[in-house]
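Q: Sending over a structure as structure tokens; questions will come in a sec.
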Amino acid sequence: MKTLRLKPGKERSMQRRHPWVFESAIARGGADSGETVRVESHDGAFLAWAAFSPVSKIRARAWSFVETQRIDAAFLASVCARAVNARGLFDLQSDGVRLIHGEADGLPGLIVDRYGSGPEGVLVAQFLSAGVERWKDALADALLAATGLTRLYERSDASGREREGLKPVTGWLRGEGPTEIAIREHGWTLSLDIATGHKTGFYLDQRDSRQRFAELAQHRRFRRVLNCFCYTGGFTVAALAGLKAAGALDGAELVSVDSSLPALERARANLALNGFEGQGIKAEFLDANVNTMLREFVDQGRTFDAIVLDPPKFAPTVAHAERAARAYKDINRLALKILEPGGVLLTFSCSGGISADLFHKIVASAGLDAGVDGYIAERLGAAPDHPMTIEFPEGEYLKGLVVVRKPL
């Protein structure tokens, strides 16, 4: 077994069961891509069994902190089964579920979502680290065994693979079939394509925030809703579901903005799928740059009483934080300018390089520049099937604020 020996003092994070070993922490040792290595402190004490990556700045990702543990297919199968079973602990109002969430579930670099229920369901997996890439076939078999499903589609085309020295891979890994799927979420239905959609096909992590937006729409009876970076219209459908529950659909205006025409076409289809056509609403779908569109709304004096800002990842790492902060500030400043007094802004950052505290400061600075003050009514995060653990705080990537603009 190959060994990594750490520099003095660099063992402390692993002693706290943090799963990462950075290149700068290693005194000597190495292995092939994805190979299991024994990680030791500078004096030879065992720390963990880990998967080695010769390219990534994260040189090793821990499989286990138990010295007697054998890292093999049986071990991986048990970890997969435990993670799948753990989803039963949460009240997940959807048949689209995150089953494996990387480090939080003891499988660093592996993301697995299930879409659909029963035998017709399908798994979609991203193998984003050298370790899970090396064990791909064993993991695929384990996942199908743990779920009772027969189909697994691979979406290993995220940018993280490049940092591991891995090429993008997509396609059926097990079984075959159509890639267009409809899932149930709370009281509505959403369609997606696992082959062409973002991430594994959809943003399951925003499930609970969409439900909260529906509740706010029902309570506040929004008349003018702006959904920025709308993707396939999840927040738009949620707003309409809330308005329908309040008996307030008639006369409502909803504007959904995205720079992807195919996403907008699916957003429009999702409204129809849920029966919202011909309900007295005015729904606009704008193929546009959000920043440009917000500036146009400011110039036009067009205002909204509910706005959602759910942009893509601006800062994948801390190194990108400064540039990302400027981008987040700009869109939030513009949104606050066109938010009616008493209106509600749901604003998000999915950037791992932006902490919750920094995001709050960015929004506060945006409000100052816009001349707008507001109440931080709530803090939002990823749904519980996208967990952050005690030992791995880096798992908190999705941050959201519910800001209510102070009345005049």
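Chains: A, B, ... in order of the structure tokens. Residues: from 1 per chain. Ligands: from 1, in order shown.
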For segment 31-45 of chain A, list every protein, DNA or RNA residue within 7 Å, evaluated using only C-alpha atoms, and leave out those in the same chain fewer than 5 positions away; present the list as a list in words.
A: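 Counting only C-alpha atoms, the residues come to Met1, Lys2, Thr3, Leu4, Arg5, Leu6, Lys7, Pro8, Glu11, Ala50, Ala51, Phe52, Ser53, Pro54, Ala130, Gly131, Glu133 and Arg134 of chain A.
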Q: Based on DSSP run over this structure's backbone, return all residues of segment 115-270 of chain A in alpha helix (DSSP H), as JSON, numbers by chain.
A: {"A": [130, 131, 132, 133, 134, 136, 137, 138, 139, 140, 141, 142, 143, 144, 145, 146, 147, 160, 161, 162, 163, 207, 208, 209, 210, 211, 212, 213, 214, 215, 216, 217, 218, 219, 220, 234, 235, 236, 237, 238, 239, 240, 241, 242, 243, 244, 245, 261, 262, 263, 264, 265, 266, 267, 268, 269, 270]}
Q: List the spatial neighbours of segment 73-75 of chain A as an MDAnalysis selection string - criterion: any atom at most 10 Å away, only C-alpha atoms, same-chain residues fewer than 6 positions off excluded.
A: chainID A and resid 63:64 135 137:139 141:142
Q: Just asking: which residues within segment 103-335 of chain A are strand (DSSP E) according to DSSP, as number ranges by chain?
A: A: 110-115, 122-127, 152-156, 169-174, 180-185, 188-193, 224-228, 253-258, 282-287, 304-309
Q: Using C-alpha atoms, can you write the selected residues to a file as a PDB file, in the first residue's frame?
A:
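Printed below is selection32.pdb as written:
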```pdb
ATOM      1  CA  LEU A 110     -19.677  11.546  -6.270  1.00  0.00           C
ATOM      2  CA  ILE A 111     -23.052  13.156  -6.941  1.00  0.00           C
ATOM      3  CA  VAL A 112     -26.104  10.972  -7.559  1.00  0.00           C
ATOM      4  CA  ASP A 113     -29.687  12.107  -8.110  1.00  0.00           C
ATOM      5  CA  ARG A 114     -32.759   9.956  -8.550  1.00  0.00           C
ATOM      6  CA  TYR A 115     -35.517  11.180 -10.865  1.00  0.00           C
ATOM      7  CA  VAL A 122     -33.533   6.718 -13.254  1.00  0.00           C
ATOM      8  CA  LEU A 123     -30.263   7.573 -11.526  1.00  0.00           C
ATOM      9  CA  VAL A 124     -28.012  10.350 -12.799  1.00  0.00           C
ATOM     10  CA  ALA A 125     -24.429  10.408 -11.526  1.00  0.00           C
ATOM     11  CA  GLN A 126     -21.458  12.741 -11.694  1.00  0.00           C
ATOM     12  CA  PHE A 127     -18.036  11.169 -11.044  1.00  0.00           C
ATOM     13  CA  LEU A 152     -28.016   5.019 -14.587  1.00  0.00           C
ATOM     14  CA  TYR A 153     -27.071   7.986 -16.773  1.00  0.00           C
ATOM     15  CA  GLU A 154     -23.632   9.565 -16.407  1.00  0.00           C
ATOM     16  CA  ARG A 155     -23.261  13.361 -16.433  1.00  0.00           C
ATOM     17  CA  SER A 156     -19.563  13.672 -15.668  1.00  0.00           C
ATOM     18  CA  VAL A 169     -17.992  11.778 -20.032  1.00  0.00           C
ATOM     19  CA  THR A 170     -21.753  11.569 -20.618  1.00  0.00           C
ATOM     20  CA  GLY A 171     -24.183   8.839 -21.608  1.00  0.00           C
ATOM     21  CA  TRP A 172     -25.886   5.718 -20.323  1.00  0.00           C
ATOM     22  CA  LEU A 173     -23.676   3.819 -17.888  1.00  0.00           C
ATOM     23  CA  ARG A 174     -26.304   1.183 -17.106  1.00  0.00           C
ATOM     24  CA  GLU A 180     -36.865  13.485 -20.812  1.00  0.00           C
ATOM     25  CA  ILE A 181     -38.510  13.006 -17.418  1.00  0.00           C
ATOM     26  CA  ALA A 182     -41.237  14.672 -15.360  1.00  0.00           C
ATOM     27  CA  ILE A 183     -40.909  14.790 -11.587  1.00  0.00           C
ATOM     28  CA  ARG A 184     -43.343  15.646  -8.843  1.00  0.00           C
ATOM     29  CA  GLU A 185     -42.350  18.401  -6.410  1.00  0.00           C
ATOM     30  CA  TRP A 188     -46.637  20.655  -8.950  1.00  0.00           C
ATOM     31  CA  THR A 189     -44.924  18.837 -11.819  1.00  0.00           C
ATOM     32  CA  LEU A 190     -41.664  19.807 -13.537  1.00  0.00           C
ATOM     33  CA  SER A 191     -40.170  18.379 -16.719  1.00  0.00           C
ATOM     34  CA  LEU A 192     -36.442  18.052 -17.385  1.00  0.00           C
ATOM     35  CA  ASP A 193     -33.886  16.386 -19.611  1.00  0.00           C
ATOM     36  CA  ARG A 224     -45.884  41.365 -10.404  1.00  0.00           C
ATOM     37  CA  VAL A 225     -43.198  38.664 -10.131  1.00  0.00           C
ATOM     38  CA  LEU A 226     -39.730  38.721 -11.721  1.00  0.00           C
ATOM     39  CA  ASN A 227     -37.772  35.449 -11.878  1.00  0.00           C
ATOM     40  CA  CYS A 228     -34.160  36.090 -12.944  1.00  0.00           C
ATOM     41  CA  GLU A 253     -47.912  39.258 -14.180  1.00  0.00           C
ATOM     42  CA  LEU A 254     -44.873  36.990 -14.188  1.00  0.00           C
ATOM     43  CA  VAL A 255     -41.650  37.731 -16.035  1.00  0.00           C
ATOM     44  CA  SER A 256     -39.064  34.941 -16.397  1.00  0.00           C
ATOM     45  CA  VAL A 257     -35.609  35.881 -17.699  1.00  0.00           C
ATOM     46  CA  ASP A 258     -32.798  33.597 -18.850  1.00  0.00           C
ATOM     47  CA  LYS A 282     -49.717  37.397 -18.095  1.00  0.00           C
ATOM     48  CA  ALA A 283     -46.531  35.345 -18.451  1.00  0.00           C
ATOM     49  CA  GLU A 284     -43.479  36.751 -20.251  1.00  0.00           C
ATOM     50  CA  PHE A 285     -40.384  34.698 -21.082  1.00  0.00           C
ATOM     51  CA  LEU A 286     -37.437  36.908 -21.974  1.00  0.00           C
ATOM     52  CA  ASP A 287     -34.329  35.548 -23.686  1.00  0.00           C
ATOM     53  CA  PHE A 304     -42.110  44.272  -9.079  1.00  0.00           C
ATOM     54  CA  ASP A 305     -43.418  43.172  -5.704  1.00  0.00           C
ATOM     55  CA  ALA A 306     -41.470  39.876  -5.798  1.00  0.00           C
ATOM     56  CA  ILE A 307     -38.072  39.166  -7.373  1.00  0.00           C
ATOM     57  CA  VAL A 308     -35.959  36.002  -7.457  1.00  0.00           C
ATOM     58  CA  LEU A 309     -32.213  36.172  -8.167  1.00  0.00           C
TER      59      LEU A 309
END
```
Q: Do you have the atom CA of Glu120 of chain A-atom CA of Gly177 of chain A distance handy?
A: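 Calculated distance between atom CA of Glu120 of chain A and atom CA of Gly177 of chain A is 9.9 Å.
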Q: Give the answer as one residue: which of A:Thr236, A:Lys361, A:Phe222, A:Cys230 has the shortest atom-to-atom distance to Pro311 of chain A, using only C-alpha atoms?
A: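 Going through A:Thr236, A:Lys361, A:Phe222, A:Cys230 one by one, the smallest distance to Pro311 of chain A is for A:Cys230.
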Q: May I ask for the distance between atom CA of Leu339 of chain A and atom CA of Glu265 of chain A, given in Å to one decimal place?
A: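 Straight-line distance from atom CA of Leu339 of chain A to atom CA of Glu265 of chain A works out to 26.3 Å.
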Q: Using only C-alpha atoms, which residue out of A:Asp310, A:Glu340, A:Asp357, A:Glu23 lies closest to Asp205 of chain A?
A: A:Asp310
Q: Which neighbours of Ala104 of chain A fall inside 7 Å, counting only C-alpha atoms, when residues of the same chain fewer than 2 positions from it are skipped, and could you give them as number ranges by chain?
A: A: 101-102, 106, 387-389, 392
Q: Those selected residues, please, written with all heavy atoms and delivered as a CSV table (one decimal), in the first residue's frame.
A:
```
chain,number,residue,atom,x,y,z
A,101,HIS,N,-24.3,12.9,-1.9
A,101,HIS,CA,-23.8,14.2,-1.9
A,101,HIS,C,-22.4,14.3,-1.5
A,101,HIS,O,-22.0,15.0,-0.5
A,101,HIS,CB,-24.7,15.1,-1.0
A,101,HIS,CG,-24.5,16.6,-1.2
A,101,HIS,ND1,-24.8,17.2,-2.4
A,101,HIS,CD2,-24.2,17.6,-0.3
A,101,HIS,CE1,-24.5,18.5,-2.3
A,101,HIS,NE2,-24.2,18.7,-1.0
A,102,GLY,N,-21.6,13.6,-2.3
A,102,GLY,CA,-20.1,13.7,-2.2
A,102,GLY,C,-19.6,13.5,-0.8
A,102,GLY,O,-19.9,12.5,-0.1
A,106,GLY,N,-19.7,10.5,2.5
A,106,GLY,CA,-18.5,9.6,2.6
A,106,GLY,C,-18.0,9.1,1.3
A,106,GLY,O,-17.2,8.2,1.2
A,387,PRO,N,-26.9,17.6,2.1
A,387,PRO,CA,-26.5,18.0,3.5
A,387,PRO,C,-25.1,18.6,3.6
A,387,PRO,O,-24.2,18.4,2.8
A,387,PRO,CB,-26.5,16.6,4.2
A,387,PRO,CG,-26.2,15.6,3.2
A,387,PRO,CD,-26.8,16.1,1.9
A,388,MET,N,-25.0,19.4,4.7
A,388,MET,CA,-23.7,19.9,5.2
A,388,MET,C,-23.5,19.1,6.5
A,388,MET,O,-24.4,19.1,7.3
A,388,MET,CB,-23.7,21.4,5.4
A,388,MET,CG,-22.4,21.9,6.0
A,388,MET,SD,-22.5,23.7,6.4
A,388,MET,CE,-23.8,23.7,7.7
A,389,THR,N,-22.3,18.6,6.7
A,389,THR,CA,-22.0,17.9,7.9
A,389,THR,C,-21.2,18.7,8.9
A,389,THR,O,-20.6,19.7,8.5
A,389,THR,CB,-21.3,16.5,7.6
A,389,THR,OG1,-20.0,16.8,7.1
A,389,THR,CG2,-22.1,15.7,6.6
A,392,PHE,N,-17.6,18.7,7.8
A,392,PHE,CA,-17.2,19.2,6.4
A,392,PHE,C,-18.0,20.5,6.2
A,392,PHE,O,-19.0,20.5,5.4
A,392,PHE,CB,-17.5,18.2,5.4
A,392,PHE,CG,-17.0,18.5,4.0
A,392,PHE,CD1,-15.7,18.7,3.7
A,392,PHE,CD2,-17.9,18.7,3.0
A,392,PHE,CE1,-15.2,19.0,2.5
A,392,PHE,CE2,-17.5,19.1,1.7
A,392,PHE,CZ,-16.1,19.2,1.4
```
Q: Considering only C-alpha atoms, state which residue in the set A:Pro262, A:Gly251, A:Gly381, A:Pro168 is at the smallest distance from Thr196 of chain A.
A: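 Of the candidates, the smallest distance to Thr196 of chain A is held by A:Pro262.
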Q: Give me the residues near Arg87 of chain A as a short mmCIF file (atom, residue, chain, number, x, y, z; two decimals) with all heavy atoms, in the first residue's frame, where near means some atom within 7 Å (using only C-alpha atoms) and where sequence neighbours in that chain fewer than 3 positions away do not count.
A:
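Generated file (around-v2.cif):
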```
data_model
loop_
_atom_site.label_atom_id
_atom_site.label_comp_id
_atom_site.auth_asym_id
_atom_site.auth_seq_id
_atom_site.Cartn_x
_atom_site.Cartn_y
_atom_site.Cartn_z
N ALA A 83 -26.13 5.86 2.58
CA ALA A 83 -26.55 7.19 2.12
C ALA A 83 -27.97 7.16 1.56
O ALA A 83 -28.78 8.05 1.84
CB ALA A 83 -25.58 7.70 1.06
N VAL A 84 -28.28 6.14 0.76
CA VAL A 84 -29.63 6.03 0.19
C VAL A 84 -30.66 5.87 1.30
O VAL A 84 -31.72 6.53 1.29
CB VAL A 84 -29.69 4.84 -0.79
CG1 VAL A 84 -31.12 4.55 -1.21
CG2 VAL A 84 -28.81 5.12 -2.02
N PHE A 90 -35.58 12.28 6.04
CA PHE A 90 -36.06 13.62 5.71
C PHE A 90 -37.42 13.56 5.01
O PHE A 90 -37.71 12.62 4.28
CB PHE A 90 -35.04 14.33 4.81
CG PHE A 90 -33.65 14.34 5.34
CD1 PHE A 90 -32.62 13.68 4.67
CD2 PHE A 90 -33.35 14.98 6.54
CE1 PHE A 90 -31.33 13.67 5.16
CE2 PHE A 90 -32.06 14.98 7.04
CZ PHE A 90 -31.04 14.33 6.36
N LEU A 99 -29.38 11.52 -3.77
CA LEU A 99 -29.09 10.32 -2.98
C LEU A 99 -27.68 10.30 -2.43
O LEU A 99 -27.43 9.78 -1.33
CB LEU A 99 -29.31 9.06 -3.82
CG LEU A 99 -30.75 8.80 -4.30
CD1 LEU A 99 -30.79 7.52 -5.13
CD2 LEU A 99 -31.71 8.69 -3.12
N ASP A 385 -31.57 16.90 1.54
CA ASP A 385 -30.90 15.79 0.86
C ASP A 385 -29.61 16.24 0.20
O ASP A 385 -28.94 15.43 -0.47
CB ASP A 385 -31.83 15.12 -0.15
CG ASP A 385 -32.47 16.10 -1.12
OD1 ASP A 385 -32.49 17.30 -0.83
OD2 ASP A 385 -32.96 15.66 -2.18
#
```
Q: Could you check how far atom CA of Ala263 of chain A sits from atom CA of Gly201 of chain A, in Å to one decimal?
A: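 Pair atom CA of Ala263 of chain A / atom CA of Gly201 of chain A returns 11.2 Å.
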Q: From the options A:Phe46, A:Pro384, A:Arg223, A:Ala269, which residue's atoms come nearest to Ala248 of chain A, counting only C-alpha atoms?
A: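 Of A:Phe46, A:Pro384, A:Arg223, A:Ala269, the one nearest Ala248 of chain A is A:Arg223, counting only C-alpha atoms.
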Q: From the list A:Val402, A:Arg59, A:Gly9, A:Ala321, which residue is nearest Val21 of chain A when using only C-alpha atoms?
A: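 Going through A:Val402, A:Arg59, A:Gly9, A:Ala321 one by one, the smallest distance to Val21 of chain A is for A:Arg59.
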Q: Which polymer residues have any atom within 12 Å of an atom of Gly352 of chain A, counting only C-alpha atoms, with same-chain residues fewer than 2 positions away left out, as a tab-separated table (two decimals) with N, CA, C and O atoms, in the first residue's frame?
A:
```tsv
chain	number	residue	atom	x	y	z
A	312	PRO	N	-26.07	31.62	-11.69
A	312	PRO	CA	-25.13	30.50	-11.70
A	312	PRO	C	-23.95	30.78	-10.78
A	312	PRO	O	-23.83	31.87	-10.20
A	313	LYS	N	-23.09	29.81	-10.66
A	313	LYS	CA	-21.93	29.91	-9.77
A	313	LYS	C	-20.96	30.97	-10.30
A	313	LYS	O	-20.33	30.80	-11.34
A	314	PHE	N	-20.81	32.08	-9.56
A	314	PHE	CA	-19.87	33.13	-9.94
A	314	PHE	C	-18.47	32.89	-9.37
A	314	PHE	O	-17.49	33.38	-9.92
A	315	ALA	N	-18.37	32.15	-8.25
A	315	ALA	CA	-17.07	31.94	-7.59
A	315	ALA	C	-16.94	30.49	-7.16
A	315	ALA	O	-17.31	30.14	-6.03
A	316	PRO	N	-16.40	29.62	-8.02
A	316	PRO	CA	-16.24	28.21	-7.64
A	316	PRO	C	-15.27	28.01	-6.48
A	316	PRO	O	-15.37	27.05	-5.73
A	317	THR	N	-14.29	28.94	-6.33
A	317	THR	CA	-13.33	28.86	-5.23
A	317	THR	C	-13.15	30.25	-4.63
A	317	THR	O	-13.59	31.26	-5.20
A	318	VAL	N	-12.48	30.29	-3.49
A	318	VAL	CA	-12.22	31.56	-2.81
A	318	VAL	C	-11.40	32.50	-3.69
A	318	VAL	O	-11.54	33.72	-3.62
A	319	ALA	N	-10.58	31.95	-4.57
A	319	ALA	CA	-9.75	32.77	-5.44
A	319	ALA	C	-10.59	33.65	-6.37
A	319	ALA	O	-10.11	34.69	-6.84
A	320	HIS	N	-11.83	33.25	-6.63
A	320	HIS	CA	-12.70	34.00	-7.51
A	320	HIS	C	-13.64	34.94	-6.75
A	320	HIS	O	-14.48	35.60	-7.36
A	321	ALA	N	-13.51	35.00	-5.43
A	321	ALA	CA	-14.49	35.68	-4.60
A	321	ALA	C	-14.60	37.17	-4.90
A	321	ALA	O	-15.70	37.73	-4.95
A	324	ALA	N	-16.43	37.78	-8.13
A	324	ALA	CA	-17.82	37.35	-7.97
A	324	ALA	C	-18.61	38.32	-7.10
A	324	ALA	O	-19.79	38.58	-7.37
A	348	PHE	N	-29.87	34.54	-4.04
A	348	PHE	CA	-29.07	33.35	-3.74
A	348	PHE	C	-27.65	33.46	-4.28
A	348	PHE	O	-27.38	34.18	-5.24
A	349	SER	N	-26.77	32.70	-3.64
A	349	SER	CA	-25.43	32.43	-4.16
A	349	SER	C	-25.16	30.94	-4.00
A	349	SER	O	-25.31	30.40	-2.89
A	350	CYS	N	-24.79	30.28	-5.09
A	350	CYS	CA	-24.41	28.86	-5.01
A	350	CYS	C	-22.90	28.69	-5.12
A	350	CYS	O	-22.41	27.60	-5.38
A	354	ILE	N	-18.00	31.94	-1.81
A	354	ILE	CA	-18.67	33.05	-1.14
A	354	ILE	C	-19.33	32.51	0.13
A	354	ILE	O	-20.27	31.71	0.06
A	355	SER	N	-18.86	32.94	1.29
A	355	SER	CA	-19.43	32.48	2.55
A	355	SER	C	-20.78	33.15	2.80
A	355	SER	O	-21.11	34.18	2.18
A	356	ALA	N	-21.55	32.59	3.71
A	356	ALA	CA	-22.85	33.18	4.06
A	356	ALA	C	-22.67	34.59	4.61
A	356	ALA	O	-23.45	35.49	4.28
A	358	LEU	N	-20.15	36.69	3.97
A	358	LEU	CA	-19.76	37.58	2.88
A	358	LEU	C	-20.96	37.90	1.99
A	358	LEU	O	-21.13	39.05	1.55
A	359	PHE	N	-21.80	36.92	1.72
A	359	PHE	CA	-22.97	37.16	0.88
A	359	PHE	C	-23.90	38.19	1.51
A	359	PHE	O	-24.41	39.09	0.83
A	393	PRO	N	-17.67	21.62	6.79
A	393	PRO	CA	-18.44	22.86	6.61
A	393	PRO	C	-18.41	23.40	5.19
A	393	PRO	O	-19.29	24.18	4.80
A	394	GLU	N	-17.42	22.98	4.38
A	394	GLU	CA	-17.37	23.42	2.99
A	394	GLU	C	-18.58	22.95	2.19
A	394	GLU	O	-18.83	23.43	1.08
A	395	GLY	N	-19.33	22.01	2.76
A	395	GLY	CA	-20.53	21.54	2.09
A	395	GLY	C	-21.63	22.58	2.00
A	395	GLY	O	-22.58	22.42	1.23
A	396	GLU	N	-21.51	23.68	2.75
A	396	GLU	CA	-22.52	24.74	2.68
A	396	GLU	C	-22.20	25.64	1.50
A	396	GLU	O	-21.49	26.63	1.61
A	397	TYR	N	-22.74	25.31	0.35
A	397	TYR	CA	-22.45	26.08	-0.85
A	397	TYR	C	-23.59	27.00	-1.24
A	397	TYR	O	-23.38	28.08	-1.80
A	398	LEU	N	-24.84	26.62	-0.95
A	398	LEU	CA	-26.00	27.41	-1.36
A	398	LEU	C	-26.47	28.29	-0.21
A	398	LEU	O	-26.84	27.78	0.86
A	399	LYS	N	-26.43	29.60	-0.44
A	399	LYS	CA	-26.88	30.56	0.55
A	399	LYS	C	-28.01	31.40	-0.03
A	399	LYS	O	-27.92	31.82	-1.19
```
Q: Extract, using only C-alpha atoms, all DNA, RNA and protein residues at most 10 Å from Gln206 of chain A, discarding same-chain residues fewer than 4 positions from it, and format them as a PyMOL selection string.
A: chain A and resi 202+210-212+234-235+310+348+380-383+386+398+400
Q: Grab the residues selected above and save them as a CSV table (one decimal), in the first residue's frame with all heavy atoms.
A:
```
chain,number,residue,atom,x,y,z
A,202,PHE,N,-31.5,19.1,-13.3
A,202,PHE,CA,-32.3,20.0,-12.6
A,202,PHE,C,-31.7,20.5,-11.3
A,202,PHE,O,-30.7,19.8,-10.8
A,202,PHE,CB,-33.7,19.3,-12.3
A,202,PHE,CG,-34.8,20.3,-11.9
A,202,PHE,CD1,-35.2,21.3,-12.7
A,202,PHE,CD2,-35.4,20.2,-10.6
A,202,PHE,CE1,-36.1,22.2,-12.3
A,202,PHE,CE2,-36.4,21.1,-10.2
A,202,PHE,CZ,-36.8,22.1,-11.1
A,210,ARG,N,-38.2,26.9,-3.4
A,210,ARG,CA,-39.4,27.1,-4.3
A,210,ARG,C,-40.7,26.9,-3.5
A,210,ARG,O,-41.6,27.7,-3.7
A,210,ARG,CB,-39.3,26.0,-5.4
A,210,ARG,CG,-38.2,26.4,-6.5
A,210,ARG,CD,-38.4,25.4,-7.7
A,210,ARG,NE,-37.9,24.1,-7.4
A,210,ARG,CZ,-36.7,23.7,-7.6
A,210,ARG,NH1,-35.7,24.5,-8.0
A,210,ARG,NH2,-36.3,22.4,-7.3
A,211,GLN,N,-40.7,26.0,-2.6
A,211,GLN,CA,-41.9,25.8,-1.7
A,211,GLN,C,-42.1,27.1,-0.9
A,211,GLN,O,-43.3,27.6,-0.7
A,211,GLN,CB,-41.8,24.6,-0.9
A,211,GLN,CG,-42.9,24.4,0.2
A,211,GLN,CD,-44.3,24.2,-0.4
A,211,GLN,OE1,-44.4,24.1,-1.6
A,211,GLN,NE2,-45.3,24.2,0.5
A,212,ARG,N,-41.1,27.6,-0.3
A,212,ARG,CA,-41.2,28.8,0.5
A,212,ARG,C,-41.7,30.0,-0.3
A,212,ARG,O,-42.5,30.8,0.1
A,212,ARG,CB,-39.8,29.2,1.1
A,212,ARG,CG,-39.9,30.4,2.1
A,212,ARG,CD,-40.8,30.0,3.3
A,212,ARG,NE,-41.0,31.2,4.1
A,212,ARG,CZ,-42.2,31.7,4.4
A,212,ARG,NH1,-43.3,31.1,3.9
A,212,ARG,NH2,-42.4,32.7,5.2
A,234,GLY,N,-38.8,26.9,-12.4
A,234,GLY,CA,-39.2,26.3,-11.1
A,234,GLY,C,-39.9,27.3,-10.2
A,234,GLY,O,-40.9,27.1,-9.6
A,235,PHE,N,-39.2,28.5,-10.0
A,235,PHE,CA,-39.7,29.5,-9.1
A,235,PHE,C,-41.0,30.2,-9.7
A,235,PHE,O,-41.9,30.6,-8.9
A,235,PHE,CB,-38.7,30.6,-8.8
A,235,PHE,CG,-37.7,30.2,-7.7
A,235,PHE,CD1,-36.4,29.7,-8.1
A,235,PHE,CD2,-38.1,30.2,-6.4
A,235,PHE,CE1,-35.5,29.4,-7.1
A,235,PHE,CE2,-37.2,29.8,-5.4
A,235,PHE,CZ,-35.9,29.4,-5.7
A,310,ASP,N,-31.4,34.0,-8.8
A,310,ASP,CA,-30.8,32.6,-8.6
A,310,ASP,C,-29.7,32.4,-9.6
A,310,ASP,O,-29.9,31.6,-10.5
A,310,ASP,CB,-31.9,31.6,-8.6
A,310,ASP,CG,-31.3,30.2,-8.2
A,310,ASP,OD1,-30.3,30.1,-7.6
A,310,ASP,OD2,-32.0,29.2,-8.6
A,348,PHE,N,-29.9,34.5,-4.0
A,348,PHE,CA,-29.1,33.4,-3.7
A,348,PHE,C,-27.6,33.5,-4.3
A,348,PHE,O,-27.4,34.2,-5.2
A,348,PHE,CB,-29.7,32.1,-4.4
A,348,PHE,CG,-31.1,31.8,-3.9
A,348,PHE,CD1,-32.2,32.3,-4.5
A,348,PHE,CD2,-31.3,31.0,-2.7
A,348,PHE,CE1,-33.5,32.0,-4.1
A,348,PHE,CE2,-32.5,30.7,-2.3
A,348,PHE,CZ,-33.6,31.2,-2.9
A,380,LEU,N,-32.1,31.1,3.7
A,380,LEU,CA,-32.4,29.9,3.0
A,380,LEU,C,-31.1,29.1,2.7
A,380,LEU,O,-30.1,29.7,2.6
A,380,LEU,CB,-33.2,30.2,1.8
A,380,LEU,CG,-34.5,31.0,2.0
A,380,LEU,CD1,-35.1,31.3,0.6
A,380,LEU,CD2,-35.5,30.2,2.8
A,381,GLY,N,-31.3,27.8,2.4
A,381,GLY,CA,-30.2,27.0,2.0
A,381,GLY,C,-30.6,25.8,1.2
A,381,GLY,O,-31.8,25.7,0.8
A,382,ALA,N,-29.7,24.9,1.0
A,382,ALA,CA,-30.1,23.7,0.2
A,382,ALA,C,-31.0,22.8,0.9
A,382,ALA,O,-31.0,22.8,2.2
A,382,ALA,CB,-28.8,22.9,-0.2
A,383,ALA,N,-31.8,22.1,0.2
A,383,ALA,CA,-32.7,21.1,0.8
A,383,ALA,C,-31.9,20.0,1.5
A,383,ALA,O,-30.7,19.8,1.2
A,383,ALA,CB,-33.6,20.4,-0.3
A,386,HIS,N,-29.2,17.5,0.4
A,386,HIS,CA,-27.9,18.1,0.0
A,386,HIS,C,-27.2,18.5,1.3
A,386,HIS,O,-27.0,19.7,1.5
A,386,HIS,CB,-28.1,19.3,-0.9
A,386,HIS,CG,-28.8,19.0,-2.2
A,386,HIS,ND1,-30.1,18.5,-2.3
A,386,HIS,CD2,-28.4,19.0,-3.5
A,386,HIS,CE1,-30.4,18.3,-3.6
A,386,HIS,NE2,-29.4,18.6,-4.3
A,398,LEU,N,-24.8,26.6,-1.0
A,398,LEU,CA,-26.0,27.4,-1.4
A,398,LEU,C,-26.5,28.3,-0.2
A,398,LEU,O,-26.8,27.8,0.9
A,398,LEU,CB,-27.1,26.5,-1.8
A,398,LEU,CG,-28.4,27.2,-2.3
A,398,LEU,CD1,-28.1,28.1,-3.5
A,398,LEU,CD2,-29.5,26.1,-2.7
A,400,GLY,N,-29.0,31.7,0.7
A,400,GLY,CA,-30.1,32.5,0.3
A,400,GLY,C,-30.6,33.4,1.3
A,400,GLY,O,-30.6,33.1,2.5
```
Q: With distances taken over only C-alpha atoms, which of A:Ile281, A:Ala364, A:Val403, A:Val132 is nearest to Ile376 of chain A?
A: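 Going through A:Ile281, A:Ala364, A:Val403, A:Val132 one by one, the smallest distance to Ile376 of chain A is for A:Val403.
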